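Asks: After the structure tokens below, expect a handful of questions from me.
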Amino acid sequence: MKTLFLFLLTASFATAQVVTWVPVQPGIWKASVGKPEAYNLLTASEARPNVAALTKLGQSAFPLPQSAITARVVDGKTYLHFPLNRTEQLYGFGLNFQTVHQRGRILNLHVDHFGGSDNGRTHAPTPFYVSSDGYGVFINSARYLTVYAGTAVRKDSPDPPKSQDRNTDKSWTSRPYSDAVEILVPAAGVELYVFAGPKPLDVVRRYNLFNGGGCLPPRWGLGFQQRVQRLYTAEQVQAEAEQFEQKGFPLDVVGLEPGWQSKSYPCTFEWDKTRFPDPRDFLQTMLRNGVRANLWLNPYVAPSASIFSSIKPFTASHTVWTGQVPDLTLPKARQIFFGQLASDGVNNGVSGYKIDEVDGYDSWLWPDVATFPSGHAAEQMRQTYGLLMQRYSMDMYRKQNNRTFGLIRASNGGGSQFPYVIYNDYYKHEDFITALINSSFAGVLWTPEVRSSASSEEWIRRIQTVVFSPLAMINAWDSGTKPWSFADVSQPVQDMALLRMRMMPYWYSEFAKYHFDGTPPFRAMNLEEGFQSEVKHELVTTSLEKNPYAEAVQKEIKDQYMAGEYLLVAPLFNGQKSRTVTLPTGNWYDFYTGELVGNGQQITVSPGLDRIPVYVKDGGIIPMMPARLHAPKSGETVPIEVRYYGTKPGLYRLYDDDGETFNYEKGQYSFREIRVAKQSNGQISGTISAPEPGKPNTVGAVTFTQMTR
Ligand code: GAL
């Protein structure tokens, strides 16, 4: 008894141990604290590092003071402590929607639908953070983690805040300075990773490459997607696709919502034969017209589904919308579930899936008291279900050597490699852009999808941002809104949509850099050199009686972002007639006119309804192709117009492959070097390197346009 008491006493006061780090890749270190669980984010996603690319990034010194990183395991929980210095800022901790700067926040990382405030519950609560000092930390756990990101103050802190007297000291604050990130892991051990910089972008690149590199969509994935009304028949879908063609609006993918199935919520994963009497014929006819089909589903199996009785032994204790929840960690469950998707869908020509409702809300999903036949906790399944759906659905396409590009509601650490874009049911345009910014710190892609809009102004403003995003999609599954539905802006909408298509060589090359270099195609300004992320503090309330702890709140820049190597995008929102844009140092040029707009300063712009402000870095090269309604097919040759901005010599790596298969993984790709320089007579001269023999070559005639005169 006495010994037990003593043991408990020592256990609960276990002193923190300095963590031991082992290099695992150049610039990446791993530590194991306590007994890490076998099931974690990296095993669920089966992420494998791109060793060659990481080796190219080079060796680096451990970026933090090692003695300041400590851990304790007490009562089956792990307590982690990482140091922070006075000036550093933190980014990441998942797909946040309202804040970029995370220092000073408390987050409970939990896969969920975003519920209106950044508290850690989100579609991809990736336990990864990036410091402005140029290092990153990843906690490889499939548990709900509690993060104190520079909020808590330890008695033994080496840099404690000073105590101030509120009565007399005007600088008193209700948020005393904290010098640490502390994380609670509800498990008796965990694996940790540290990523070196030196720049924050290098950290992000290392993180993505460690997870296998970002996904490479097929070319058609970068075209336009229209989701149609949920009870449409095959003829209605075909008629809508024809309308796009006739009106000259681009269309690469049509999305079918729940009604393609004989039953939904819960689902059968079988075609409704009254609406789609001959699915294969429907899909093949669409394909011949250059349009692919993406099918909605949630993974909850209806009692009337043909796979119901065979999959039932491999499902959870609880149902979702009365459907069985397959335990996707079990090979048998996967064989039955994906076998059905393959036979009714993929093998007939379905190009991808929209995998819904694998995120939250709590009242809909399985509860944390649910059990799974594999023995994994409900919590672990919640944190990884999105990863599992992405991983194993991608396998169906891999088997056919055919790429996919789909939609998903949940992801997590290890997910960068999957060709899926996150979406949700929330709809605040401003927050959609902040999510796009933060997606670059979470190793995921995000679409600010367009649904019905209250006005033509809102419609065009939203369309403008999907054009400059990973997935250009209208999700009008209920309202049936079409690109031309708002007649007064239908011309600028069409121009924008065609601009997206013309920029395809640029978008495709930028995604290739996501895959091969780890650089996110859409990313935060904070990852851009020369960007002064000025944080203003503004006091919002003056009445201390209303809020006795009112503090000046951070005003951060969270409405502009980088799109690919050279472009800065600064959207306008409904009701806005002008806005300020913060330009990083260096000359920046107007994307549309080539004119110099500024250098390292704040500018105010009033672009009018038909334009979204976009700026190009000095020496910027944007490869474009002629406007068209569908992405080029495999092997099709396309003329390239190289647009060149500014005065600095420019270099661009133009990516090329067959655009559809996984042959790029076997070396069937090339990066062609485009160089442009200004000559002494003011004219430009441009070159493109020769095609690589034996590699796919889709580059036709190349012309050069000098945008800045
Ligand atoms: C929602 C989804 C929507 C739409 C709808 C269909 O959960 O976010 O985009 O697909 O389901 O029922």
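Note on naming: chains are A, B, ... as they come in the structure tokens, residues start from 1 per chain, ligands start from 1 in the order shown.
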Can you work out which residues are within 8 Å of ligand 1, considering only C-alpha atoms and all ligand atoms, and then hand them over as a list in words?
Replies: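 The residues near ligand 1 are Arg230, Glu257, Pro258, Trp296, Lys354, Asp356, Glu357, Arg409, Tyr423, Asn424, Asp425, Asn475 and Trp477 of chain A.
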Asks: Taking the DSSP secondary structure from the backbone, can you list the residues of segment 199-349 of chain A that are helix (DSSP H, G or I), as a VMD selection string?
Replies: chain A and resid 200 to 210 219 to 222 234 to 247 258 to 260 279 to 288 308 to 314 331 to 344 346 to 348
Asks: Quick one: distance from atom CA of His110 of chain A to atom CA of Gln383 of chain A in Å, one decimal?
Replies: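 Taking atom CA of His110 of chain A as the start and atom CA of Gln383 of chain A as the end point, the length is 6.7 Å.
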Asks: Ile603 of chain A: which residues within 8 Å, counting only C-alpha atoms, same-chain residues fewer than 4 positions away excluded, as an mmCIF file with C-alpha atoms, in the first residue's frame?
Replies:
data_model
loop_
_atom_site.group_PDB
_atom_site.id
_atom_site.type_symbol
_atom_site.label_atom_id
_atom_site.label_comp_id
_atom_site.auth_asym_id
_atom_site.auth_seq_id
_atom_site.Cartn_x
_atom_site.Cartn_y
_atom_site.Cartn_z
ATOM 1 C CA THR A 580 -5.421 47.912 -49.423
ATOM 2 C CA VAL A 581 -2.792 45.460 -50.605
ATOM 3 C CA THR A 582 0.489 44.937 -48.768
ATOM 4 C CA LEU A 583 3.283 44.330 -51.269
ATOM 5 C CA VAL A 597 2.323 49.232 -58.928
ATOM 6 C CA GLY A 598 4.776 49.482 -56.034
#
Asks: Excluding same-chain residues fewer than 4 positions from Asn50 of chain A, what lies within 10 Å of it counting only C-alpha atoms, as a PDB file with N, CA and C atoms, in the first residue's frame?
Replies:
ATOM      1  N   GLN A  25      15.798  12.344 -41.787  1.00  0.00           N
ATOM      2  CA  GLN A  25      15.996  12.805 -43.163  1.00  0.00           C
ATOM      3  C   GLN A  25      16.813  14.080 -43.044  1.00  0.00           C
ATOM      4  N   LEU A  54      14.241  15.646 -50.455  1.00  0.00           N
ATOM      5  CA  LEU A  54      14.703  16.123 -49.143  1.00  0.00           C
ATOM      6  C   LEU A  54      16.223  16.232 -49.133  1.00  0.00           C
ATOM      7  N   THR A  55      16.875  15.287 -49.789  1.00  0.00           N
ATOM      8  CA  THR A  55      18.340  15.317 -49.850  1.00  0.00           C
ATOM      9  C   THR A  55      18.797  16.570 -50.599  1.00  0.00           C
ATOM     10  N   ARG A 206       9.742  20.943 -46.415  1.00  0.00           N
ATOM     11  CA  ARG A 206      10.233  19.701 -45.785  1.00  0.00           C
ATOM     12  C   ARG A 206       9.061  18.866 -45.254  1.00  0.00           C
ATOM     13  N   ASN A 208       5.922  18.821 -46.313  1.00  0.00           N
ATOM     14  CA  ASN A 208       5.186  18.191 -47.420  1.00  0.00           C
ATOM     15  C   ASN A 208       5.982  17.063 -48.054  1.00  0.00           C
ATOM     16  N   LEU A 209       7.275  17.281 -48.256  1.00  0.00           N
ATOM     17  CA  LEU A 209       8.105  16.232 -48.872  1.00  0.00           C
ATOM     18  C   LEU A 209       8.232  15.024 -47.952  1.00  0.00           C
ATOM     19  N   PHE A 210       8.252  15.274 -46.653  1.00  0.00           N
ATOM     20  CA  PHE A 210       8.311  14.163 -45.698  1.00  0.00           C
ATOM     21  C   PHE A 210       7.053  13.295 -45.834  1.00  0.00           C
ATOM     22  N   ASN A 211       5.954  13.932 -46.222  1.00  0.00           N
ATOM     23  CA  ASN A 211       4.692  13.208 -46.430  1.00  0.00           C
ATOM     24  C   ASN A 211       4.522  12.744 -47.871  1.00  0.00           C
ATOM     25  N   GLY A 212       5.600  12.720 -48.623  1.00  0.00           N
ATOM     26  CA  GLY A 212       5.541  12.199 -49.988  1.00  0.00           C
ATOM     27  C   GLY A 212       5.405  13.268 -51.048  1.00  0.00           C
ATOM     28  N   GLY A 213       5.373  14.541 -50.620  1.00  0.00           N
ATOM     29  CA  GLY A 213       5.170  15.636 -51.578  1.00  0.00           C
ATOM     30  C   GLY A 213       3.678  15.883 -51.764  1.00  0.00           C
ATOM     31  N   HIS A 515       4.249  18.873 -55.728  1.00  0.00           N
ATOM     32  CA  HIS A 515       4.596  17.455 -55.660  1.00  0.00           C
ATOM     33  C   HIS A 515       6.104  17.227 -55.537  1.00  0.00           C
ATOM     34  N   PHE A 516       6.864  17.849 -56.434  1.00  0.00           N
ATOM     35  CA  PHE A 516       8.299  17.527 -56.495  1.00  0.00           C
ATOM     36  C   PHE A 516       9.147  18.354 -55.520  1.00  0.00           C
ATOM     37  N   ASP A 517       8.708  19.575 -55.179  1.00  0.00           N
ATOM     38  CA  ASP A 517       9.505  20.438 -54.284  1.00  0.00           C
ATOM     39  C   ASP A 517       8.823  20.673 -52.936  1.00  0.00           C
ATOM     40  N   GLY A 518       7.564  20.312 -52.797  1.00  0.00           N
ATOM     41  CA  GLY A 518       6.840  20.536 -51.538  1.00  0.00           C
ATOM     42  C   GLY A 518       6.286  21.934 -51.377  1.00  0.00           C
TER      43      GLY A 518
END
Asks: Closest to Gln89 of chain A among A:Ser533, A:Thr585, A:Ser685, A:Asn289, using only C-alpha atoms?
Replies: A:Ser533
Asks: So that I can see what lies close to Ala342 of chain A, please list as a ChimeraX atom specification the residues with an atom at most 12 Å from it, counting only C-alpha atoms and leaving out residues fewer than 3 positions away in the same chain.
Replies: /A:269-270,334-339,345-353,392-400
